[in-house]
>>> print(open('input02.cif').read())   # mmCIF, C-alpha atoms
data_start
loop_
_atom_site.label_atom_id
_atom_site.label_comp_id
_atom_site.auth_asym_id
_atom_site.auth_seq_id
_atom_site.Cartn_x
_atom_site.Cartn_y
_atom_site.Cartn_z
CA MET A 13 74.53 70.85 105.16
CA MET A 14 77.51 68.99 106.65
CA LEU A 15 77.05 66.04 104.30
CA ALA A 16 76.70 68.38 101.33
CA LYS A 17 79.97 70.10 102.28
CA ALA A 18 81.77 66.75 102.57
CA LEU A 19 80.31 65.72 99.22
CA GLY A 20 81.56 68.89 97.55
CA ALA A 21 85.15 67.89 98.38
CA VAL A 22 84.79 64.66 96.36
CA PRO A 23 85.93 65.03 92.70
CA LEU A 24 82.90 63.09 91.43
CA PHE A 25 80.58 65.77 92.85
CA SER A 26 82.81 68.86 93.05
CA GLY A 27 81.26 70.47 89.96
CA LEU A 28 77.72 70.48 91.35
CA THR A 29 75.84 73.53 92.57
CA ASP A 30 74.96 73.88 96.24
CA GLU A 31 71.38 72.95 95.42
CA GLN A 32 72.48 69.81 93.59
CA LEU A 33 74.81 68.83 96.42
CA GLU A 34 71.96 69.17 98.88
CA TYR A 35 69.78 66.97 96.68
CA VAL A 36 72.38 64.19 96.62
CA ALA A 37 73.26 64.62 100.29
CA LYS A 38 69.73 63.89 101.46
CA HIS A 39 70.11 60.36 100.09
CA LEU A 40 73.39 59.66 101.92
CA LYS A 41 74.16 58.01 105.19
CA ARG A 42 77.48 58.05 107.01
CA GLN A 43 79.18 54.85 108.20
CA SER A 44 82.39 54.30 110.15
CA TYR A 45 84.73 51.31 110.11
CA ALA A 46 87.64 50.24 112.30
CA GLU A 47 90.95 49.04 110.91
CA ARG A 48 90.57 45.66 109.14
CA ASP A 49 86.78 45.91 108.99
CA VAL A 50 85.31 44.66 105.71
CA ILE A 51 83.41 47.47 104.00
CA VAL A 52 82.45 45.50 100.88
CA ARG A 53 82.53 41.72 100.63
CA ARG A 54 83.20 39.93 97.34
CA ASP A 55 80.13 38.26 95.78
CA SER A 56 77.72 40.34 97.86
CA PRO A 57 74.90 42.29 96.15
CA GLY A 58 75.88 45.60 94.57
CA ASP A 59 73.37 47.66 96.49
CA ALA A 60 75.25 50.92 97.13
CA LEU A 61 77.97 53.33 96.03
CA PHE A 62 80.59 54.18 98.67
CA ILE A 63 82.43 57.49 98.94
CA LEU A 64 85.47 57.53 101.20
CA THR A 65 85.74 60.74 103.24
CA SER A 66 88.47 59.84 105.77
CA GLY A 67 90.93 57.03 106.33
CA LYS A 68 92.18 54.54 103.75
CA ALA A 69 90.97 51.20 102.37
CA LYS A 70 92.25 48.52 100.04
CA CYS A 71 90.37 46.78 97.26
CA ALA A 72 91.69 43.23 97.11
CA TYR A 73 90.97 39.80 95.71
CA LEU A 74 91.77 36.86 97.97
CA ASP A 75 92.17 33.48 96.29
CA SER A 76 93.09 30.65 98.68
CA GLU A 77 96.24 31.97 100.37
CA ASP A 78 97.14 34.59 97.77
CA GLU A 79 95.96 38.18 97.92
CA THR A 80 96.02 40.57 94.98
CA ILE A 81 95.65 44.24 95.90
CA ILE A 82 93.79 45.98 93.10
CA ALA A 83 93.70 49.53 94.47
CA ILE A 84 94.22 51.57 97.60
CA TYR A 85 91.55 54.21 98.21
CA ARG A 86 92.07 57.58 99.87
CA PRO A 87 89.63 60.37 100.85
CA GLY A 88 87.74 61.55 97.79
CA ASP A 89 87.74 58.15 96.09
CA PHE A 90 84.56 56.19 95.44
CA PHE A 91 84.00 52.48 94.91
CA GLY A 92 81.23 49.99 94.26
CA GLU A 93 80.06 51.83 91.15
CA LEU A 94 80.37 48.91 88.73
CA SER A 95 77.97 46.66 90.63
CA VAL A 96 75.55 49.53 91.06
CA LEU A 97 75.63 50.20 87.33
CA ASP A 98 75.39 46.64 85.99
CA GLY A 99 73.57 44.91 88.85
CA GLU A 100 76.20 42.19 89.19
CA GLU A 101 77.70 41.01 92.49
CA ARG A 102 80.81 42.59 93.99
CA SER A 103 84.02 41.43 92.32
CA ALA A 104 86.42 42.11 95.22
CA ASP A 105 86.63 42.87 98.93
CA VAL A 106 87.22 46.38 100.27
CA VAL A 107 88.87 46.45 103.70
CA ALA A 108 89.67 49.44 105.93
CA LEU A 109 93.41 49.94 106.46
CA GLU A 110 92.80 52.35 109.34
CA PRO A 111 89.77 53.97 110.99
CA THR A 112 87.73 54.94 107.95
CA GLU A 113 84.52 56.81 107.23
CA VAL A 114 82.39 56.50 104.10
CA LEU A 115 79.24 58.02 102.72
CA VAL A 116 76.82 55.40 101.41
CA LEU A 117 74.49 56.08 98.49
CA PRO A 118 71.98 53.22 97.94
CA ALA A 119 71.71 51.94 94.37
CA ASP A 120 68.15 53.15 93.75
CA ASP A 121 69.01 56.62 95.06
CA PHE A 122 72.19 56.66 92.98
CA HIS A 123 70.19 56.01 89.80
CA ALA A 124 67.71 58.70 90.81
CA CYS A 125 70.57 61.16 91.29
CA LEU A 126 72.00 60.32 87.85
CA HIS A 127 68.65 61.15 86.24
CA ALA A 128 68.10 64.30 88.31
CA VAL A 129 71.68 65.61 88.01
CA PRO A 130 73.18 64.49 84.65
CA ALA A 131 76.46 66.23 85.49
CA ILE A 132 77.19 63.33 87.86
CA ALA A 133 76.98 60.84 84.98
CA VAL A 134 79.38 62.92 82.87
CA GLU A 135 81.95 63.13 85.67
CA LEU A 136 81.48 59.44 86.46
CA LEU A 137 82.36 58.56 82.86
CA LYS A 138 85.51 60.70 83.10
CA GLN A 139 86.54 58.99 86.33
CA LEU A 140 85.89 55.52 84.90
CA ALA A 141 87.86 56.39 81.77
CA GLY A 142 90.80 57.40 83.96
CA ARG A 143 90.63 54.12 85.85
CA LEU A 144 90.50 52.17 82.60
CA ARG A 145 93.57 54.00 81.30
CA ARG A 146 95.47 53.21 84.51
CA ALA A 147 94.39 49.57 84.34
CA THR A 148 95.53 49.33 80.72
CA SER A 149 98.87 50.86 81.64
CA TRP A 150 99.31 48.40 84.50
CA ILE A 151 98.46 45.41 82.28
CA ARG A 152 101.15 46.62 79.89
CA SER A 153 103.58 46.85 82.81
CA LEU A 154 102.81 43.30 83.92
CA SER A 155 103.55 41.98 80.45
CA SER A 156 106.67 44.03 79.72
CA GLN A 157 108.40 44.80 83.04
CA ASP A 158 110.34 42.62 85.45
CA VAL A 159 109.68 42.74 89.20
CA TYR A 160 112.10 45.64 89.66
CA GLY A 161 110.25 47.69 87.07
CA ARG A 162 106.82 46.89 88.48
CA ILE A 163 107.91 47.80 92.01
CA ALA A 164 109.44 51.05 90.75
CA SER A 165 106.16 51.88 88.97
CA GLN A 166 104.09 51.18 92.08
CA LEU A 167 106.40 53.20 94.34
CA LEU A 168 106.11 56.18 92.01
CA HIS A 169 102.33 55.85 91.84
CA LEU A 170 101.96 55.49 95.61
CA SER A 171 104.27 58.41 96.32
CA LYS A 172 102.14 60.54 93.99
CA THR A 173 98.74 59.47 95.33
CA HIS A 174 99.51 58.81 99.00
CA GLY A 175 102.75 60.71 99.59
CA THR A 176 103.73 63.82 101.52
CA ASP A 177 106.90 65.83 101.06
CA VAL A 178 109.66 65.28 103.62
CA ALA A 179 113.30 66.34 103.71
CA GLY A 180 114.87 65.13 100.49
CA GLY A 181 112.04 62.84 99.47
CA ARG A 182 108.39 61.84 99.64
CA LEU A 183 106.91 59.68 102.39
CA ILE A 184 104.20 57.21 101.35
CA GLY A 185 101.46 57.42 103.96
CA LEU A 186 100.74 53.69 103.99
CA ARG A 187 102.09 50.81 106.02
CA LEU A 188 103.44 48.50 103.30
CA THR A 189 105.00 45.18 104.24
CA GLN A 190 106.84 43.09 101.67
CA ASN A 191 103.75 40.87 101.50
CA ASP A 192 101.71 43.97 100.64
CA MET A 193 104.16 44.95 97.92
CA ALA A 194 104.09 41.39 96.56
CA SER A 195 100.27 41.60 96.41
CA LEU A 196 100.45 44.94 94.62
CA VAL A 197 102.91 43.90 91.91
CA GLY A 198 101.95 40.26 91.42
CA ALA A 199 105.25 38.73 92.49
CA SER A 200 106.64 36.44 95.17
CA ARG A 201 107.72 37.84 98.53
CA GLU A 202 111.26 36.61 97.88
CA SER A 203 111.61 38.52 94.60
CA VAL A 204 110.11 41.64 96.18
CA ASN A 205 112.57 41.35 99.09
CA LYS A 206 115.48 41.23 96.64
CA ALA A 207 114.26 44.21 94.59
CA MET A 208 113.44 46.34 97.63
CA GLY A 209 116.86 45.52 99.10
CA TYR A 210 118.50 46.70 95.88
CA PHE A 211 116.54 49.97 95.86
CA LYS A 212 117.43 50.60 99.51
CA GLN A 213 121.11 49.85 98.90
CA LYS A 214 121.16 52.33 96.02
CA GLY A 215 119.52 54.98 98.21
CA TYR A 216 116.44 55.24 96.01
CA ILE A 217 114.16 54.51 98.96
CA ALA A 218 114.21 53.96 102.72
CA VAL A 219 111.91 51.79 104.82
CA ASP A 220 111.43 52.49 108.53
CA THR A 221 110.57 50.05 111.31
CA THR A 222 106.83 50.68 110.84
CA TYR A 223 106.98 49.64 107.16
CA HIS A 224 106.58 53.17 105.81
CA ILE A 225 108.52 53.84 102.61
CA THR A 226 110.17 57.12 101.65
CA VAL A 227 111.08 57.69 98.01
CA TYR A 228 114.33 59.65 97.67
CA ASN A 229 115.33 59.21 94.03
CA HIS A 230 112.29 59.68 91.82
CA ASP A 231 114.31 59.93 88.61
CA ALA A 232 116.15 56.64 89.19
CA LEU A 233 112.88 54.81 89.87
CA ALA A 234 111.27 56.40 86.81
CA LYS A 235 114.16 55.22 84.67
CA ARG A 236 113.85 51.69 86.12
CA ALA A 237 110.10 51.72 85.47
CA GLN A 238 110.48 52.43 81.75
#
>>> encode(input="input02.cif", output="structure tokens")
Amino acid sequence: MMLAKALGAVPLFSGLTDEQLEYVAKHLKRQSYAERDVIVRRDSPGDALFILTSGKAKCAYLDSEDETIIAIYRPGDFFGELSVLDGEERSADVVALEPTEVLVLPADDFHACLHAVPAIAVELLKQLAGRLRRATSWIRSLSSQDVYGRIASQLLHLSKTHGTDVAGGRLIGLRLTQNDMASLVGASRESVNKAMGYFKQKGYIAVDTTYHITVYNHDALAKRAQ
């Protein structure tokens, strides 16, 4: 029952009946990870779907010394679905950013659940379509925006998906160093440092000593992201 309740809070499964949630839940197992633990390793077999229920994790691609952060997951997000669907190896690493808990649904059980509960497949397609739209939008940003615009876009996205309201602004609940921002926007640390310094000077954002960013001027960033 506890797993079914946790599952019901996940958008992918929120439309299921109690009976359907119980059916899926019996195939799940719970796993916990410490900060910096690798949850999924690139090039490993795609043998399970992961559903994040607490904590945060990053999906990243590490090539030599350069890291590209593809996504940051929060509770309710799922990952690993592409490899489970097409049988290919994992295309990126997923690493816990803090103590994190996931529900694991083995590939064979996932396919069984899709056949038994078609509503999961319909919602999965909607979720994948949303991800594809966001990826297309980001590709357009990479080709048409300078570093300032890309950083503004990411700050707005992160404040929406990981932010909480504070006095006069919105605090992004992630520790984001300039290296992290560089990995997110595909730019050098030096150019990110310059752009972040400009945004701070203008009062659009503030960065505290623990590398947490607060967005204060949403409209100015939105204008810069156009």
>>> resolve_selection(input="input02.cif", expression="the PyMOL selection byres ((chain A and resi 126-136) around 8)", output="number ranges by chain")
A: 24-25, 27-28, 32, 122-125, 137-140
>>> resolve_selection(input="input02.cif", expression="the PyMOL selection byres ((chain A and resi 50) around 12)", output="list in words")
Ser44, Tyr45, Ala46, Glu47, Arg48, Asp49, Ile51, Val52, Arg53, Arg54, Ser56, Ala69, Lys70, Cys71, Ala72, Ala104, Asp105, Val106, Val107, Ala108, Leu109, Glu110, Pro111 and Thr112 of chain A
>>> residues_around(input="input02.cif", residues="Val116 in chain A", least_positions_apart="3", cutoff="9 Å", atoms="all atoms listed in the file", output="list in words")
His39, Leu40, Lys41, Arg42, Gln43, Ala60, Leu61, Phe62, Ile63 and Leu64 of chain A
>>> resolve_selection(input="input02.cif", expression="the PyMOL selection byres ((chain A and resi 101) around 8)", output="list of chain:residue names")
A:Arg54, A:Asp55, A:Ser56, A:Pro57, A:Gly58, A:Ser95, A:Gly99, A:Glu100, A:Arg102, A:Ser103
>>> axis_aligned_box(input="input02.cif", around="range 98-111 of chain A", padding_each_side="6 Å", output="lines of an AutoDock Vina configuration file")
center_x = 83.5
center_y = 47.5
center_z = 98.5
size_x = 31.8
size_y = 25.0
size_z = 37.0
>>> closest_residue(input="input02.cif", among="A:Gly67, A:Gly161, A:Pro87, A:Gly142", to="Arg236 in chain A", atoms="all atoms listed in the file")
A:Gly161
>>> residues_around(input="input02.cif", residues="Ser155 in chain A", least_positions_apart="6", cutoff="12 Å", atoms="all atoms listed in the file", output="PyMOL selection string")
chain A and resi 148-149+161-162+197-198
>>> atom_distance(input="input02.cif", atom1="CA of Ala218 in chain A", atom2="CA of Ser165 in chain A")
16.1 Å
>>> residues_around(input="input02.cif", residues="Gln190 in chain A", least_positions_apart="2", cutoff="8 Å", atoms="all atoms listed in the file", output="tab-separated table (two decimals) with C-alpha atoms, in the coordinates of the input")
chain	number	residue	atom	x	y	z
A	188	LEU	CA	103.44	48.50	103.30
A	192	ASP	CA	101.71	43.97	100.64
A	193	MET	CA	104.16	44.95	97.92
A	194	ALA	CA	104.09	41.39	96.56
A	201	ARG	CA	107.72	37.84	98.53
A	204	VAL	CA	110.11	41.64	96.18
A	205	ASN	CA	112.57	41.35	99.09
>>> atom_distance(input="input02.cif", atom1="CA of Phe90 in chain A", atom2="CA of Ser66 in chain A")
11.6 Å
>>> atom_distance(input="input02.cif", atom1="CA of Ala207 in chain A", atom2="CA of Tyr160 in chain A")
5.6 Å
>>> residues_around(input="input02.cif", residues="His169 in chain A", least_positions_apart="4", cutoff="12 Å", atoms="all atoms listed in the file", output="list in words")
Ala83, Ile84, Arg146, Ser149, Trp150, Arg162, Ile163, Ala164, Ser165, Thr173, His174, Gly175, Arg182, Ile184, Leu196, Val197, Val227, His230, Leu233, Ala234 and Ala237 of chain A
>>> write_last_selection(input="input02.cif", atoms="C-alpha atoms", output="CSV table (one decimal), in the coordinates of the input")
chain,number,residue,atom,x,y,z
A,83,ALA,CA,93.7,49.5,94.5
A,84,ILE,CA,94.2,51.6,97.6
A,146,ARG,CA,95.5,53.2,84.5
A,149,SER,CA,98.9,50.9,81.6
A,150,TRP,CA,99.3,48.4,84.5
A,162,ARG,CA,106.8,46.9,88.5
A,163,ILE,CA,107.9,47.8,92.0
A,164,ALA,CA,109.4,51.0,90.8
A,165,SER,CA,106.2,51.9,89.0
A,173,THR,CA,98.7,59.5,95.3
A,174,HIS,CA,99.5,58.8,99.0
A,175,GLY,CA,102.8,60.7,99.6
A,182,ARG,CA,108.4,61.8,99.6
A,184,ILE,CA,104.2,57.2,101.4
A,196,LEU,CA,100.4,44.9,94.6
A,197,VAL,CA,102.9,43.9,91.9
A,227,VAL,CA,111.1,57.7,98.0
A,230,HIS,CA,112.3,59.7,91.8
A,233,LEU,CA,112.9,54.8,89.9
A,234,ALA,CA,111.3,56.4,86.8
A,237,ALA,CA,110.1,51.7,85.5
>>> closest_residue(input="input02.cif", among="A:Lys206, A:Arg143, A:Lys172, A:Arg86", to="Val22 in chain A", atoms="all atoms listed in the file")
A:Arg86
>>> residues_around(input="input02.cif", residues="Gly20 in chain A", least_positions_apart="3", cutoff="10 Å", atoms="all atoms listed in the file", output="PDB file with C-alpha atoms, keeping the file's coordinate frame")
ATOM      1  CA  MET A  14      77.510  68.990 106.650  1.00  0.00           C
ATOM      2  CA  LEU A  15      77.050  66.040 104.300  1.00  0.00           C
ATOM      3  CA  ALA A  16      76.700  68.380 101.330  1.00  0.00           C
ATOM      4  CA  LYS A  17      79.970  70.100 102.280  1.00  0.00           C
ATOM      5  CA  PRO A  23      85.930  65.030  92.700  1.00  0.00           C
ATOM      6  CA  LEU A  24      82.900  63.090  91.430  1.00  0.00           C
ATOM      7  CA  PHE A  25      80.580  65.770  92.850  1.00  0.00           C
ATOM      8  CA  SER A  26      82.810  68.860  93.050  1.00  0.00           C
ATOM      9  CA  GLY A  27      81.260  70.470  89.960  1.00  0.00           C
ATOM     10  CA  LEU A  28      77.720  70.480  91.350  1.00  0.00           C
ATOM     11  CA  THR A  29      75.840  73.530  92.570  1.00  0.00           C
ATOM     12  CA  ASP A  30      74.960  73.880  96.240  1.00  0.00           C
ATOM     13  CA  GLN A  32      72.480  69.810  93.590  1.00  0.00           C
ATOM     14  CA  LEU A  33      74.810  68.830  96.420  1.00  0.00           C
ATOM     15  CA  GLU A  34      71.960  69.170  98.880  1.00  0.00           C
ATOM     16  CA  ALA A  37      73.260  64.620 100.290  1.00  0.00           C
ATOM     17  CA  GLY A  88      87.740  61.550  97.790  1.00  0.00           C
TER      18      GLY A  88
END
>>> closest_residue(input="input02.cif", among="A:Thr189, A:Leu167, A:Asp98, A:Ser195", to="Ile82 in chain A", atoms="all atoms listed in the file")
A:Ser195
>>> decode(input="input02.cif", residues="range 126-160 of chain A", atoms="N, CA and C atoms", output="PDB file, in the first residue's frame")
ATOM      1  N   LEU A 126       2.698  -2.244 -19.079  1.00  0.00           N
ATOM      2  CA  LEU A 126       2.177  -1.527 -20.239  1.00  0.00           C
ATOM      3  C   LEU A 126       1.047  -2.306 -20.908  1.00  0.00           C
ATOM      4  N   HIS A 127       1.208  -3.626 -20.988  1.00  0.00           N
ATOM      5  CA  HIS A 127       0.167  -4.456 -21.606  1.00  0.00           C
ATOM      6  C   HIS A 127      -1.060  -4.562 -20.707  1.00  0.00           C
ATOM      7  N   ALA A 128      -0.841  -4.659 -19.398  1.00  0.00           N
ATOM      8  CA  ALA A 128      -1.956  -4.840 -18.464  1.00  0.00           C
ATOM      9  C   ALA A 128      -2.703  -3.543 -18.199  1.00  0.00           C
ATOM     10  N   VAL A 129      -1.978  -2.419 -18.241  1.00  0.00           N
ATOM     11  CA  VAL A 129      -2.578  -1.106 -17.941  1.00  0.00           C
ATOM     12  C   VAL A 129      -2.213  -0.146 -19.076  1.00  0.00           C
ATOM     13  N   PRO A 130      -2.947  -0.163 -20.185  1.00  0.00           N
ATOM     14  CA  PRO A 130      -2.608   0.678 -21.346  1.00  0.00           C
ATOM     15  C   PRO A 130      -2.555   2.166 -21.037  1.00  0.00           C
ATOM     16  N   ALA A 131      -3.239   2.605 -19.981  1.00  0.00           N
ATOM     17  CA  ALA A 131      -3.228   4.027 -19.624  1.00  0.00           C
ATOM     18  C   ALA A 131      -1.813   4.509 -19.333  1.00  0.00           C
ATOM     19  N   ILE A 132      -0.943   3.607 -18.873  1.00  0.00           N
ATOM     20  CA  ILE A 132       0.454   3.986 -18.617  1.00  0.00           C
ATOM     21  C   ILE A 132       1.136   4.355 -19.924  1.00  0.00           C
ATOM     22  N   ALA A 133       0.892   3.579 -20.969  1.00  0.00           N
ATOM     23  CA  ALA A 133       1.516   3.840 -22.274  1.00  0.00           C
ATOM     24  C   ALA A 133       1.072   5.189 -22.828  1.00  0.00           C
ATOM     25  N   VAL A 134      -0.205   5.506 -22.668  1.00  0.00           N
ATOM     26  CA  VAL A 134      -0.730   6.784 -23.166  1.00  0.00           C
ATOM     27  C   VAL A 134      -0.055   7.947 -22.442  1.00  0.00           C
ATOM     28  N   GLU A 135       0.036   7.856 -21.117  1.00  0.00           N
ATOM     29  CA  GLU A 135       0.668   8.933 -20.349  1.00  0.00           C
ATOM     30  C   GLU A 135       2.160   8.998 -20.637  1.00  0.00           C
ATOM     31  N   LEU A 136       2.790   7.850 -20.843  1.00  0.00           N
ATOM     32  CA  LEU A 136       4.211   7.829 -21.191  1.00  0.00           C
ATOM     33  C   LEU A 136       4.459   8.580 -22.490  1.00  0.00           C
ATOM     34  N   LEU A 137       3.605   8.367 -23.485  1.00  0.00           N
ATOM     35  CA  LEU A 137       3.746   9.079 -24.756  1.00  0.00           C
ATOM     36  C   LEU A 137       3.602  10.584 -24.558  1.00  0.00           C
ATOM     37  N   LYS A 138       2.680  11.011 -23.708  1.00  0.00           N
ATOM     38  CA  LYS A 138       2.513  12.435 -23.432  1.00  0.00           C
ATOM     39  C   LYS A 138       3.773  13.012 -22.785  1.00  0.00           C
ATOM     40  N   GLN A 139       4.322  12.277 -21.822  1.00  0.00           N
ATOM     41  CA  GLN A 139       5.520  12.742 -21.129  1.00  0.00           C
ATOM     42  C   GLN A 139       6.706  12.821 -22.088  1.00  0.00           C
ATOM     43  N   LEU A 140       6.854  11.815 -22.942  1.00  0.00           N
ATOM     44  CA  LEU A 140       7.957  11.818 -23.904  1.00  0.00           C
ATOM     45  C   LEU A 140       7.787  12.937 -24.926  1.00  0.00           C
ATOM     46  N   ALA A 141       6.556  13.212 -25.319  1.00  0.00           N
ATOM     47  CA  ALA A 141       6.304  14.311 -26.248  1.00  0.00           C
ATOM     48  C   ALA A 141       6.711  15.640 -25.617  1.00  0.00           C
ATOM     49  N   GLY A 142       6.421  15.812 -24.324  1.00  0.00           N
ATOM     50  CA  GLY A 142       6.817  17.029 -23.628  1.00  0.00           C
ATOM     51  C   GLY A 142       8.327  17.177 -23.572  1.00  0.00           C
ATOM     52  N   ARG A 143       9.013  16.076 -23.327  1.00  0.00           N
ATOM     53  CA  ARG A 143      10.479  16.120 -23.280  1.00  0.00           C
ATOM     54  C   ARG A 143      11.057  16.456 -24.658  1.00  0.00           C
ATOM     55  N   LEU A 144      10.448  15.900 -25.695  1.00  0.00           N
ATOM     56  CA  LEU A 144      10.926  16.181 -27.050  1.00  0.00           C
ATOM     57  C   LEU A 144      10.719  17.648 -27.397  1.00  0.00           C
ATOM     58  N   ARG A 145       9.592  18.209 -27.006  1.00  0.00           N
ATOM     59  CA  ARG A 145       9.350  19.633 -27.248  1.00  0.00           C
ATOM     60  C   ARG A 145      10.387  20.492 -26.541  1.00  0.00           C
ATOM     61  N   ARG A 146      10.691  20.144 -25.282  1.00  0.00           N
ATOM     62  CA  ARG A 146      11.684  20.923 -24.531  1.00  0.00           C
ATOM     63  C   ARG A 146      13.068  20.788 -25.157  1.00  0.00           C
ATOM     64  N   ALA A 147      13.389  19.574 -25.614  1.00  0.00           N
ATOM     65  CA  ALA A 147      14.692  19.367 -26.259  1.00  0.00           C
ATOM     66  C   ALA A 147      14.791  20.171 -27.551  1.00  0.00           C
ATOM     67  N   THR A 148      13.707  20.194 -28.323  1.00  0.00           N
ATOM     68  CA  THR A 148      13.692  20.967 -29.567  1.00  0.00           C
ATOM     69  C   THR A 148      13.865  22.452 -29.281  1.00  0.00           C
ATOM     70  N   SER A 149      13.186  22.920 -28.234  1.00  0.00           N
ATOM     71  CA  SER A 149      13.306  24.327 -27.857  1.00  0.00           C
ATOM     72  C   SER A 149      14.726  24.663 -27.437  1.00  0.00           C
ATOM     73  N   TRP A 150      15.364  23.735 -26.712  1.00  0.00           N
ATOM     74  CA  TRP A 150      16.726  23.997 -26.249  1.00  0.00           C
ATOM     75  C   TRP A 150      17.724  23.967 -27.410  1.00  0.00           C
ATOM     76  N   ILE A 151      17.527  23.085 -28.361  1.00  0.00           N
ATOM     77  CA  ILE A 151      18.385  23.059 -29.549  1.00  0.00           C
ATOM     78  C   ILE A 151      18.275  24.387 -30.296  1.00  0.00           C
ATOM     79  N   ARG A 152      17.056  24.910 -30.385  1.00  0.00           N
ATOM     80  CA  ARG A 152      16.861  26.203 -31.032  1.00  0.00           C
ATOM     81  C   ARG A 152      17.597  27.304 -30.260  1.00  0.00           C
ATOM     82  N   SER A 153      17.565  27.220 -28.926  1.00  0.00           N
ATOM     83  CA  SER A 153      18.265  28.204 -28.108  1.00  0.00           C
ATOM     84  C   SER A 153      19.768  28.148 -28.332  1.00  0.00           C
ATOM     85  N   LEU A 154      20.307  26.940 -28.419  1.00  0.00           N
ATOM     86  CA  LEU A 154      21.746  26.782 -28.627  1.00  0.00           C
ATOM     87  C   LEU A 154      22.200  27.392 -29.948  1.00  0.00           C
ATOM     88  N   SER A 155      21.324  27.321 -30.946  1.00  0.00           N
ATOM     89  CA  SER A 155      21.710  27.813 -32.261  1.00  0.00           C
ATOM     90  C   SER A 155      21.448  29.302 -32.441  1.00  0.00           C
ATOM     91  N   SER A 156      20.565  29.877 -31.620  1.00  0.00           N
ATOM     92  CA  SER A 156      20.164  31.263 -31.862  1.00  0.00           C
ATOM     93  C   SER A 156      20.517  32.230 -30.740  1.00  0.00           C
ATOM     94  N   GLN A 157      20.842  31.715 -29.540  1.00  0.00           N
ATOM     95  CA  GLN A 157      21.105  32.594 -28.407  1.00  0.00           C
ATOM     96  C   GLN A 157      22.591  32.630 -28.064  1.00  0.00           C
ATOM     97  N   ASP A 158      23.035  33.771 -27.520  1.00  0.00           N
ATOM     98  CA  ASP A 158      24.383  33.839 -26.977  1.00  0.00           C
ATOM     99  C   ASP A 158      24.371  33.253 -25.568  1.00  0.00           C
ATOM    100  N   VAL A 159      25.526  33.278 -24.906  1.00  0.00           N
ATOM    101  CA  VAL A 159      25.623  32.683 -23.567  1.00  0.00           C
ATOM    102  C   VAL A 159      24.680  33.368 -22.584  1.00  0.00           C
ATOM    103  N   TYR A 160      24.554  34.671 -22.683  1.00  0.00           N
ATOM    104  CA  TYR A 160      23.655  35.404 -21.785  1.00  0.00           C
ATOM    105  C   TYR A 160      22.217  34.901 -21.936  1.00  0.00           C
TER     106      TYR A 160
END
